[in-house]
$ cat input.tsv   # TSV, C-alpha atoms
chain	number	residue	atom	x	y	z
A	1	MET	CA	-3.10	0.97	-30.98
A	2	ILE	CA	-2.62	3.11	-27.85
A	3	SER	CA	-4.95	6.11	-27.81
A	4	ASN	CA	-3.30	7.79	-24.79
A	5	GLN	CA	0.25	8.64	-23.70
A	6	TYR	CA	1.98	7.27	-20.62
A	7	TYR	CA	5.03	8.53	-18.72
A	8	VAL	CA	6.90	7.53	-15.58
A	9	CYS	CA	8.02	10.57	-13.56
A	10	SER	CA	10.61	10.22	-10.80
A	11	LYS	CA	11.51	13.29	-8.74
A	12	ASN	CA	14.15	15.57	-10.30
A	13	ARG	CA	14.34	13.43	-13.44
A	14	GLU	CA	13.01	13.83	-16.94
A	15	PRO	CA	9.77	11.91	-17.59
A	16	ILE	CA	10.27	8.57	-19.34
A	17	ALA	CA	7.85	7.56	-22.10
A	18	TRP	CA	6.26	4.23	-21.25
A	19	ASN	CA	4.32	1.59	-23.10
A	20	PRO	CA	2.13	-0.25	-20.52
A	21	TRP	CA	1.84	-3.21	-22.92
A	22	GLN	CA	5.58	-3.77	-22.70
A	23	GLU	CA	5.69	-6.81	-20.42
A	24	ASP	CA	9.39	-6.60	-19.53
A	25	CYS	CA	9.38	-2.96	-18.41
A	26	HIS	CA	12.12	-2.27	-15.86
A	27	ILE	CA	11.70	1.50	-15.48
A	28	VAL	CA	10.42	1.05	-11.92
A	29	PRO	CA	9.01	-2.07	-10.20
A	30	GLU	CA	5.57	-0.46	-9.87
A	31	CYS	CA	5.20	-0.63	-13.65
A	32	ALA	CA	4.41	-4.35	-13.35
A	33	TYR	CA	1.13	-3.67	-11.51
A	34	PHE	CA	0.12	-0.36	-13.05
A	35	GLY	CA	1.00	-1.49	-16.56
A	36	LYS	CA	-1.74	-4.12	-16.26
A	37	VAL	CA	-4.04	-1.58	-14.57
A	38	PHE	CA	-3.71	0.72	-17.59
A	39	GLN	CA	-4.26	-2.17	-19.98
A	40	ALA	CA	-7.56	-2.98	-18.25
A	41	MET	CA	-8.46	0.71	-18.15
A	42	GLU	CA	-7.97	1.17	-21.90
A	43	LYS	CA	-10.60	-1.50	-22.62
A	44	LYS	CA	-13.28	0.55	-20.83
A	45	LEU	CA	-12.04	4.10	-21.38
A	46	GLN	CA	-14.22	6.21	-23.68
A	47	VAL	CA	-11.90	9.24	-23.62
A	48	GLN	CA	-8.88	9.56	-25.92
A	49	GLY	CA	-5.89	11.86	-26.14
A	50	LEU	CA	-5.08	11.75	-22.40
A	51	THR	CA	-1.59	11.96	-20.89
A	52	PHE	CA	-1.01	9.74	-17.86
A	53	TYR	CA	1.85	10.40	-15.40
A	54	LEU	CA	2.81	7.63	-12.99
A	55	THR	CA	4.57	9.87	-10.49
A	56	TRP	CA	6.08	10.16	-7.01
A	57	ASP	CA	6.09	13.97	-7.06
A	58	ILE	CA	3.27	15.84	-5.28
A	59	SER	CA	4.72	19.26	-6.17
A	60	LYS	CA	4.75	19.37	-9.97
A	61	LEU	CA	4.09	17.53	-13.21
A	62	PRO	CA	5.70	17.91	-16.64
A	63	SER	CA	2.44	19.37	-18.01
A	64	TYR	CA	-1.07	20.29	-16.94
A	65	GLY	CA	-4.54	20.55	-18.43
A	66	GLN	CA	-7.82	18.70	-18.87
A	67	ASN	CA	-6.01	16.00	-20.82
A	68	VAL	CA	-3.61	15.18	-17.93
A	69	VAL	CA	-4.17	12.43	-15.36
A	70	ALA	CA	-1.80	11.94	-12.42
A	71	VAL	CA	-1.39	8.55	-10.75
A	72	VAL	CA	0.55	9.30	-7.56
A	73	GLN	CA	2.48	6.39	-6.12
A	74	GLY	CA	4.67	7.02	-3.11
A	75	ASP	CA	3.44	9.65	-0.65
A	76	GLU	CA	3.08	7.91	2.72
A	77	TRP	CA	2.21	11.22	4.42
A	78	CYS	CA	-1.15	11.39	2.61
A	79	ARG	CA	-0.59	14.92	1.33
A	80	ILE	CA	-2.75	16.64	-1.28
A	81	PRO	CA	-0.78	17.17	-4.53
A	82	ARG	CA	-0.21	20.86	-5.25
A	83	TYR	CA	-1.44	20.50	-8.83
A	84	PHE	CA	-4.72	18.64	-8.13
A	85	HIS	CA	-6.83	21.48	-9.58
A	86	GLN	CA	-4.68	21.81	-12.72
A	87	VAL	CA	-5.39	18.36	-14.17
A	88	ARG	CA	-8.36	16.25	-15.21
A	89	ALA	CA	-8.00	13.82	-12.27
A	90	VAL	CA	-5.62	12.58	-9.59
A	91	PHE	CA	-5.58	8.93	-8.50
A	92	LYS	CA	-3.49	8.46	-5.38
A	93	CYS	CA	-2.04	5.55	-3.45
A	94	TYR	CA	-2.03	6.18	0.35
A	95	GLY	CA	-4.93	8.59	-0.18
A	96	THR	CA	-5.23	12.08	1.31
A	97	ARG	CA	-6.69	11.20	4.73
A	98	ARG	CA	-4.16	10.20	7.36
A	99	SER	CA	-5.29	7.55	9.86
A	100	LEU	CA	-4.15	7.64	13.50
A	101	GLY	CA	-5.01	3.96	13.84
A	102	CYS	CA	-5.08	3.88	17.64
A	103	ASN	CA	-6.40	5.61	20.75
A	104	PRO	CA	-3.46	6.69	22.93
A	105	LEU	CA	-5.84	7.89	25.67
A	106	LEU	CA	-7.63	4.56	26.08
A	107	ASN	CA	-4.59	2.47	25.25
A	108	PRO	CA	-1.51	4.51	26.26
A	109	SER	CA	1.26	2.20	25.05
A	110	TYR	CA	4.67	3.50	23.97
A	111	VAL	CA	4.05	2.71	20.30
A	112	ASN	CA	0.67	4.48	20.41
A	113	ILE	CA	2.21	7.59	21.97
A	114	LEU	CA	4.87	7.58	19.25
A	115	THR	CA	2.13	7.11	16.65
A	116	LEU	CA	0.30	10.16	18.00
A	117	GLY	CA	3.50	12.22	17.83
A	118	GLN	CA	4.16	11.10	14.26
A	119	PHE	CA	0.53	11.83	13.34
A	120	MET	CA	0.83	15.40	14.64
A	121	LEU	CA	4.11	16.02	12.78
A	122	ILE	CA	2.65	14.71	9.53
A	123	SER	CA	-0.48	16.83	10.08
A	124	VAL	CA	1.76	19.90	10.04
A	125	ALA	CA	3.40	18.74	6.79
A	126	ARG	CA	-0.06	18.19	5.25
A	127	LEU	CA	-1.31	21.66	6.21
A	128	PRO	CA	-0.15	23.56	3.05
A	129	GLY	CA	-1.97	21.08	0.83
A	130	LEU	CA	-5.15	21.29	2.91
A	131	LEU	CA	-5.07	25.10	2.81
A	132	ASN	CA	-4.52	25.05	-0.94
A	133	TYR	CA	-7.46	22.68	-1.37
A	134	GLY	CA	-9.70	24.87	0.77
A	135	PHE	CA	-8.64	27.96	-1.17
A	136	GLN	CA	-9.47	26.34	-4.50
A	137	VAL	CA	-12.90	25.26	-3.22
A	138	ILE	CA	-13.72	28.79	-2.00
A	139	LYS	CA	-12.37	30.38	-5.19
A	140	ASN	CA	-14.63	28.23	-7.34
A	141	LEU	CA	-17.80	28.68	-5.29
A	142	PRO	CA	-19.19	31.60	-7.40
A	143	SER	CA	-18.96	29.63	-10.62
A	144	SER	CA	-21.52	26.95	-11.41
A	145	LEU	CA	-19.30	25.58	-14.16
A	146	ALA	CA	-16.02	25.40	-12.29
A	147	LYS	CA	-15.55	22.40	-10.08
A	148	VAL	CA	-12.69	21.36	-7.83
A	149	PRO	CA	-11.95	17.75	-8.78
A	150	PRO	CA	-11.78	15.17	-6.00
A	151	ILE	CA	-8.72	12.98	-5.48
A	152	TYR	CA	-9.44	9.28	-5.90
A	153	ASP	CA	-7.97	6.54	-3.68
A	154	ILE	CA	-6.39	3.50	-5.35
A	155	PRO	CA	-4.50	0.51	-3.88
A	156	LEU	CA	-0.73	0.12	-3.94
A	157	GLY	CA	-0.83	-3.25	-5.65
A	158	TYR	CA	2.29	-5.42	-5.63
A	159	TYR	CA	5.96	-4.52	-5.97
A	160	LYS	CA	8.29	-7.30	-7.17
A	161	GLN	CA	5.90	-10.21	-6.98
A	162	LEU	CA	5.69	-12.94	-9.58
A	163	LYS	CA	2.49	-14.41	-10.97
A	164	LEU	CA	2.45	-17.98	-9.64
A	165	PRO	CA	-0.16	-20.77	-9.62
A	166	ILE	CA	-2.23	-20.58	-6.44
A	167	LYS	CA	-1.22	-23.33	-4.02
A	168	ASP	CA	-3.76	-25.06	-1.78
A	169	ILE	CA	-3.58	-23.48	1.67
A	170	HIS	CA	-3.21	-26.81	3.49
A	171	GLN	CA	-0.36	-27.88	1.20
A	172	ARG	CA	1.77	-24.88	2.12
A	173	CYS	CA	5.00	-25.41	4.02
A	174	TYR	CA	5.21	-22.34	6.28
A	175	ASN	CA	2.70	-21.61	9.00
A	176	VAL	CA	3.84	-18.00	9.46
A	177	PHE	CA	5.90	-15.74	7.17
A	178	PHE	CA	7.45	-12.28	7.37
A	179	ALA	CA	10.14	-10.70	5.22
A	180	GLY	CA	11.09	-7.08	5.77
A	181	SER	CA	13.14	-4.57	7.67
A	182	LEU	CA	13.10	-3.07	11.15
A	183	ALA	CA	14.23	0.39	10.08
A	184	GLN	CA	14.33	2.17	6.74
A	185	LYS	CA	17.68	3.74	7.59
A	186	LYS	CA	20.15	4.19	10.42
A	187	TYR	CA	19.75	7.35	12.46
A	188	SER	CA	22.60	9.40	13.87
A	189	LYS	CA	22.95	9.63	17.64
A	190	LYS	CA	22.17	13.31	17.20
A	191	SER	CA	18.74	12.40	15.87
A	192	LEU	CA	15.77	12.24	18.22
A	193	LYS	CA	14.60	9.11	16.39
A	194	TYR	CA	17.80	7.31	17.40
A	195	TRP	CA	16.76	7.56	21.05
A	196	LEU	CA	12.97	7.52	20.85
A	197	LYS	CA	12.65	5.17	17.83
A	198	ASP	CA	9.64	5.47	15.56
A	199	PRO	CA	6.36	3.51	15.50
A	200	LYS	CA	7.55	1.18	12.73
A	201	ILE	CA	10.67	0.09	14.63
A	202	VAL	CA	8.90	-0.32	17.98
A	203	SER	CA	5.99	-2.26	16.45
A	204	ARG	CA	8.19	-4.60	14.43
A	205	GLN	CA	10.59	-5.20	17.31
A	206	LYS	CA	7.61	-6.18	19.46
A	207	MET	CA	6.38	-8.52	16.72
A	208	LEU	CA	9.78	-10.22	16.43
A	209	THR	CA	10.08	-10.59	20.21
A	210	VAL	CA	6.69	-12.29	20.32
A	211	ILE	CA	7.62	-14.58	17.42
A	212	GLU	CA	10.86	-15.56	19.16
A	213	SER	CA	8.92	-16.70	22.22
A	214	LEU	CA	6.39	-18.55	20.04
A	215	THR	CA	9.02	-20.53	18.14
A	216	ASP	CA	10.16	-22.05	21.44
A	217	LYS	CA	6.64	-22.59	22.76
A	218	TYR	CA	5.21	-24.07	19.55
A	219	PRO	CA	8.00	-26.09	17.90
A	220	HIS	CA	5.48	-27.75	15.55
A	221	LEU	CA	4.78	-24.40	13.86
A	222	LYS	CA	7.12	-23.44	11.06
A	223	PHE	CA	8.06	-19.76	11.01
A	224	GLU	CA	9.88	-18.25	8.03
A	225	LEU	CA	11.49	-14.89	8.82
A	226	SER	CA	13.83	-12.76	6.73
A	227	ILE	CA	14.98	-9.50	8.32
A	228	THR	CA	16.68	-7.05	5.94
A	229	ARG	CA	18.46	-3.69	6.26
A	230	GLY	CA	15.64	-1.67	4.70
A	231	PHE	CA	12.80	-1.64	2.17
A	232	HIS	CA	15.07	-1.58	-0.87
A	233	ALA	CA	17.26	-4.31	0.60
A	234	THR	CA	14.13	-6.46	0.86
A	235	THR	CA	13.04	-5.74	-2.70
A	236	GLU	CA	16.53	-6.26	-4.12
A	237	GLN	CA	16.44	-9.86	-2.96
A	238	ASP	CA	15.64	-12.57	-5.49
A	239	ALA	CA	12.02	-11.87	-6.50
A	240	SER	CA	11.38	-15.55	-7.18
A	241	SER	CA	12.53	-16.55	-3.68
A	242	TYR	CA	10.31	-13.94	-1.99
A	243	SER	CA	7.31	-14.86	-4.12
A	244	GLU	CA	7.76	-18.61	-3.74
A	245	LYS	CA	8.04	-18.37	0.05
A	246	MET	CA	4.90	-16.25	0.27
A	247	MET	CA	3.00	-18.66	-1.97
A	248	ASP	CA	4.13	-21.45	0.36
A	249	THR	CA	2.75	-19.52	3.38
A	250	LYS	CA	-0.50	-19.99	5.27
A	251	ILE	CA	-0.37	-16.90	7.50
A	252	CYS	CA	1.40	-13.70	6.45
A	253	LEU	CA	2.27	-11.07	9.04
A	254	VAL	CA	1.76	-7.52	7.79
A	255	PRO	CA	3.13	-5.06	10.38
A	256	ARG	CA	2.97	-1.32	9.88
A	257	GLY	CA	5.73	0.63	8.20
A	258	THR	CA	6.02	4.41	8.12
A	259	SER	CA	2.36	4.14	7.13
A	260	PHE	CA	-0.17	1.46	8.00
A	261	GLU	CA	-0.40	0.73	4.25
A	262	THR	CA	2.13	-1.64	2.70
A	263	TYR	CA	2.63	-3.62	-0.50
A	264	ARG	CA	2.80	-6.78	1.62
A	265	PHE	CA	-0.91	-6.48	2.43
A	266	PHE	CA	-1.93	-6.73	-1.23
A	267	GLU	CA	0.74	-9.28	-2.10
A	268	ALA	CA	-0.52	-11.60	0.64
A	269	LEU	CA	-4.15	-11.29	-0.50
A	270	ARG	CA	-3.11	-11.92	-4.10
A	271	TYR	CA	-1.58	-15.25	-3.04
A	272	GLY	CA	-4.48	-16.19	-0.77
A	273	CYS	CA	-2.57	-15.95	2.51
A	274	VAL	CA	-4.35	-15.35	5.81
A	275	VAL	CA	-3.38	-11.77	6.68
A	276	ILE	CA	-2.68	-10.60	10.23
A	277	THR	CA	-2.20	-6.86	10.26
A	278	GLU	CA	-2.47	-3.72	12.36
A	279	ALA	CA	-4.93	-0.85	11.88
A	280	LEU	CA	-6.06	-0.05	8.34
A	281	PRO	CA	-7.31	3.32	7.07
A	282	SER	CA	-10.83	3.69	5.71
A	283	ARG	CA	-10.60	3.18	1.95
A	284	TRP	CA	-12.96	1.41	-0.45
A	285	PHE	CA	-10.46	-1.42	-1.00
A	286	TYR	CA	-9.76	-1.93	2.75
A	287	ASN	CA	-13.24	-1.65	4.27
A	288	GLY	CA	-14.49	-5.15	5.03
A	289	ALA	CA	-11.31	-6.91	3.89
A	290	PRO	CA	-11.07	-10.53	5.16
A	291	THR	CA	-8.06	-9.92	7.38
A	292	ILE	CA	-7.37	-10.23	11.10
A	293	GLN	CA	-6.53	-6.86	12.66
A	294	ILE	CA	-4.78	-6.65	16.02
A	295	GLN	CA	-4.04	-3.66	18.23
A	296	ASP	CA	-0.83	-5.10	19.67
A	297	TRP	CA	1.46	-7.94	18.65
A	298	SER	CA	1.01	-9.50	22.10
A	299	GLU	CA	-2.34	-10.72	20.68
A	300	LEU	CA	-0.54	-12.83	18.07
A	301	GLU	CA	-0.33	-16.02	20.15
A	302	ALA	CA	-4.08	-16.18	20.72
A	303	VAL	CA	-4.77	-15.51	17.04
A	304	LEU	CA	-2.34	-18.21	15.88
A	305	GLU	CA	-3.82	-20.72	18.31
A	306	LYS	CA	-7.29	-20.08	16.97
A	307	LEU	CA	-6.19	-20.35	13.34
A	308	THR	CA	-3.98	-23.43	13.67
A	309	ASN	CA	-6.68	-25.27	15.64
A	310	ASP	CA	-9.32	-24.54	13.01
A	311	PRO	CA	-8.27	-25.66	9.50
A	312	SER	CA	-11.73	-24.77	8.15
A	313	LEU	CA	-11.26	-21.14	9.28
A	314	ILE	CA	-7.92	-20.94	7.48
A	315	GLN	CA	-9.53	-22.44	4.38
A	316	MET	CA	-12.36	-19.90	4.49
A	317	LEU	CA	-10.03	-16.92	4.94
A	318	HIS	CA	-7.84	-18.27	2.13
A	319	HIS	CA	-10.75	-18.24	-0.33
A	320	GLU	CA	-12.00	-14.87	0.92
A	321	ALA	CA	-8.53	-13.35	0.47
A	322	LEU	CA	-8.33	-14.54	-3.14
A	323	ASN	CA	-11.84	-13.28	-3.82
A	324	TRP	CA	-11.08	-9.89	-2.23
A	325	TRP	CA	-8.03	-9.46	-4.41
A	326	GLN	CA	-9.99	-10.32	-7.54
A	327	THR	CA	-12.98	-8.09	-6.76
A	328	LYS	CA	-11.34	-5.11	-5.02
A	329	CYS	CA	-7.61	-4.84	-5.72
A	330	SER	CA	-6.76	-6.63	-8.94
A	331	GLU	CA	-5.43	-4.83	-11.99
A	332	THR	CA	-8.71	-5.40	-13.84
A	333	VAL	CA	-10.89	-3.91	-11.08
A	334	VAL	CA	-8.65	-0.88	-10.49
A	335	GLY	CA	-8.33	-0.29	-14.24
A	336	GLN	CA	-12.11	-0.35	-14.64
A	337	TYR	CA	-12.49	1.98	-11.65
A	338	ILE	CA	-10.13	4.53	-13.22
A	339	ALA	CA	-11.87	4.23	-16.60
A	340	GLU	CA	-15.37	4.70	-15.15
A	341	THR	CA	-14.18	7.69	-13.13
A	342	LEU	CA	-12.57	9.36	-16.15
A	343	ASN	CA	-15.56	8.62	-18.36
A	344	GLY	CA	-17.69	10.54	-15.89
A	345	THR	CA	-15.45	13.58	-15.51

$ encode --input "input.tsv" --output "structure tokens"
Amino acid sequence: MISNQYYVCSKNREPIAWNPWQEDCHIVPECAYFGKVFQAMEKKLQVQGLTFYLTWDISKLPSYGQNVVAVVQGDEWCRIPRYFHQVRAVFKCYGTRRSLGCNPLLNPSYVNILTLGQFMLISVARLPGLLNYGFQVIKNLPSSLAKVPPIYDIPLGYYKQLKLPIKDIHQRCYNVFFAGSLAQKKYSKKSLKYWLKDPKIVSRQKMLTVIESLTDKYPHLKFELSITRGFHATTEQDASSYSEKMMDTKICLVPRGTSFETYRFFEALRYGCVVITEALPSRWFYNGAPTIQIQDWSELEAVLEKLTNDPSLIQMLHHEALNWWQTKCSETVVGQYIAETLNGT
């Protein structure tokens, strides 16, 4: 018997009642991961009568109060939800601290300069939330009972990924795998982004250029690439095909998107792939992760040479990836984390 209520809230739509134990839930793809998170949470949760909103809206919720918990999914700009002080707790993917991820002064590449520009623009967009947070802290200072609740970081989890038997890393067909888009959407020629591009496009174009040169130079390595029109075009592909190819992959490339955080990072760890990625923000589920971080995709050749010439290193990173998923990012761990946090509020 469920002791709490669950709803999925998309922007500008009525909240949809949700049963996290319903295995074939197709309300949104994220329900697959967070449904299991909530199942694990319920086993440890000592509080009853709560209302959980799985939401993409940082401006409002259907209701507020000490019985309301918001689980915020899709804010890549790391903004502070306007209602954070009106609910029992907020758990947020992408967090509330934006990471620059580079040093444009010491390494003044084009993509780093664009990253700095994007960082400054997003900082302006985050300002109202920061001011609201500061105001609530100051307002509650005189009261010893009132407390401004913190906002808790949680991982994105997976999107449309199947649960498959783990395949031995040395039995996998593809040496290197990437499936994704270059741009989220097409920009008009009147848009500044059409001419300057954005960090995601520049970074991924550089990655693909490097891969193209490597396929000629290392014909014995098998690269599996699937370039799509955008994020939703990628996710609308056959989920079994995407999952099976990743499970058959030794090394998964995880380039940045609009944010440095992507589903692909967690999906690759879940399948035990060796992850090559760019900068990662400081979060409890990223710090110390067994991944290879590079500053520029020109470093990829040296990294691949080292990995492909050392099967024992690939084997070690494979086991460490699986262990990291199980102990830091899995549904059970995140569910227990949410339960322990709520039990202490």

$ residues_near_point --input "input.tsv" --point "(-3.7, 1.1, 9.1)" --cutoff "10 Å" --atoms "all atoms listed in the file" --output "list of chain:residue names"
A:Arg98, A:Ser99, A:Leu100, A:Gly101, A:Cys102, A:Pro255, A:Arg256, A:Gly257, A:Ser259, A:Phe260, A:Glu261, A:Thr262, A:Thr277, A:Glu278, A:Ala279, A:Leu280, A:Pro281, A:Ser282, A:Tyr286, A:Gln293

$ closest_residue --input "input.tsv" --among "A:Glu76, A:Glu301, A:Glu14, A:Glu42" --to "Leu221 (chain A)" --atoms "all atoms listed in the file"
A:Glu301

$ atom_distance --input "input.tsv" --atom1 "CA of Val275 (chain A)" --atom2 "CA of Asn323 (chain A)"
13.6 Å

$ closest_residue --input "input.tsv" --among "A:Phe84, A:Leu300, A:Ile211, A:Pro311" --to "Gln171 (chain A)" --atoms "all atoms listed in the file"
A:Pro311

$ atom_distance --input "input.tsv" --atom1 "CA of Val8 (chain A)" --atom2 "CA of Leu54 (chain A)"
4.8 Å

$ closest_residue --input "input.tsv" --among "A:Val274, A:Leu196, A:Ala321, A:Ala268" --to "Leu114 (chain A)" --atoms "all atoms listed in the file"
A:Leu196

$ atom_distance --input "input.tsv" --atom1 "CA of Gln48 (chain A)" --atom2 "CA of Pro62 (chain A)"
19.2 Å

$ residues_around --input "input.tsv" --residues "Glu244 (chain A)" --least-positions-apart "6" --cutoff "10 Å" --atoms "only C-alpha atoms" --output "JSON, numbers by chain"
{"A": [161, 162, 163, 164, 271]}

$ residues_around --input "input.tsv" --residues "Ser213 (chain A)" --least-positions-apart "4" --cutoff "12 Å" --atoms "only C-alpha atoms" --output "JSON list (two decimals) with C-alpha atoms, in the frame of the given file"
[["chain", "number", "residue", "atom", "x", "y", "z"],
["A", 206, "LYS", "CA", 7.61, -6.18, 19.46],
["A", 207, "MET", "CA", 6.38, -8.52, 16.72],
["A", 208, "LEU", "CA", 9.78, -10.22, 16.43],
["A", 209, "THR", "CA", 10.08, -10.59, 20.21],
["A", 217, "LYS", "CA", 6.64, -22.59, 22.76],
["A", 218, "TYR", "CA", 5.21, -24.07, 19.55],
["A", 219, "PRO", "CA", 8.00, -26.09, 17.90],
["A", 223, "PHE", "CA", 8.06, -19.76, 11.01],
["A", 298, "SER", "CA", 1.01, -9.50, 22.10],
["A", 300, "LEU", "CA", -0.54, -12.83, 18.07],
["A", 301, "GLU", "CA", -0.33, -16.02, 20.15]]

$ closest_residue --input "input.tsv" --among "A:Tyr110, A:Phe91, A:Trp56, A:Tyr33" --to "Val202 (chain A)" --atoms "only C-alpha atoms"
A:Tyr110

$ closest_residue --input "input.tsv" --among "A:Asn309, A:Ser243, A:Thr341, A:Gln295" --to "Ile151 (chain A)" --atoms "all atoms listed in the file"
A:Thr341

$ residues_around --input "input.tsv" --residues "Lys43 (chain A)" --least-positions-apart "6" --cutoff "9 Å" --atoms "all atoms listed in the file" --output "list in words"
Gly335, Gln336 and Ala339 of chain A

$ closest_residue --input "input.tsv" --among "A:Pro290, A:Gly180, A:Pro108, A:Gly157" --to "Phe266 (chain A)" --atoms "all atoms listed in the file"
A:Gly157

$ residues_around --input "input.tsv" --residues "Ile166 (chain A)" --least-positions-apart "2" --cutoff "10 Å" --atoms "all atoms listed in the file" --output "PyMOL selection string"
chain A and resi 163-164+168-169+247-248+270-272+322

$ residues_around --input "input.tsv" --residues "Glu320 (chain A)" --least-positions-apart "5" --cutoff "10 Å" --atoms "only C-alpha atoms" --output "list in words"
Leu269, Gly272, Cys273, Val274, Ala289, Pro290, Thr291, Ile314, Gln315, Trp325 and Gln326 of chain A

$ write_last_selection --input "input.tsv" --atoms "C-alpha atoms" --output "PDB file, keeping the file's coordinate frame"
ATOM      1  CA  LEU A 269      -4.150 -11.290  -0.500  1.00  0.00           C
ATOM      2  CA  GLY A 272      -4.480 -16.190  -0.770  1.00  0.00           C
ATOM      3  CA  CYS A 273      -2.570 -15.950   2.510  1.00  0.00           C
ATOM      4  CA  VAL A 274      -4.350 -15.350   5.810  1.00  0.00           C
ATOM      5  CA  ALA A 289     -11.310  -6.910   3.890  1.00  0.00           C
ATOM      6  CA  PRO A 290     -11.070 -10.530   5.160  1.00  0.00           C
ATOM      7  CA  THR A 291      -8.060  -9.920   7.380  1.00  0.00           C
ATOM      8  CA  ILE A 314      -7.920 -20.940   7.480  1.00  0.00           C
ATOM      9  CA  GLN A 315      -9.530 -22.440   4.380  1.00  0.00           C
ATOM     10  CA  TRP A 325      -8.030  -9.460  -4.410  1.00  0.00           C
ATOM     11  CA  GLN A 326      -9.990 -10.320  -7.540  1.00  0.00           C
TER      12      GLN A 326
END
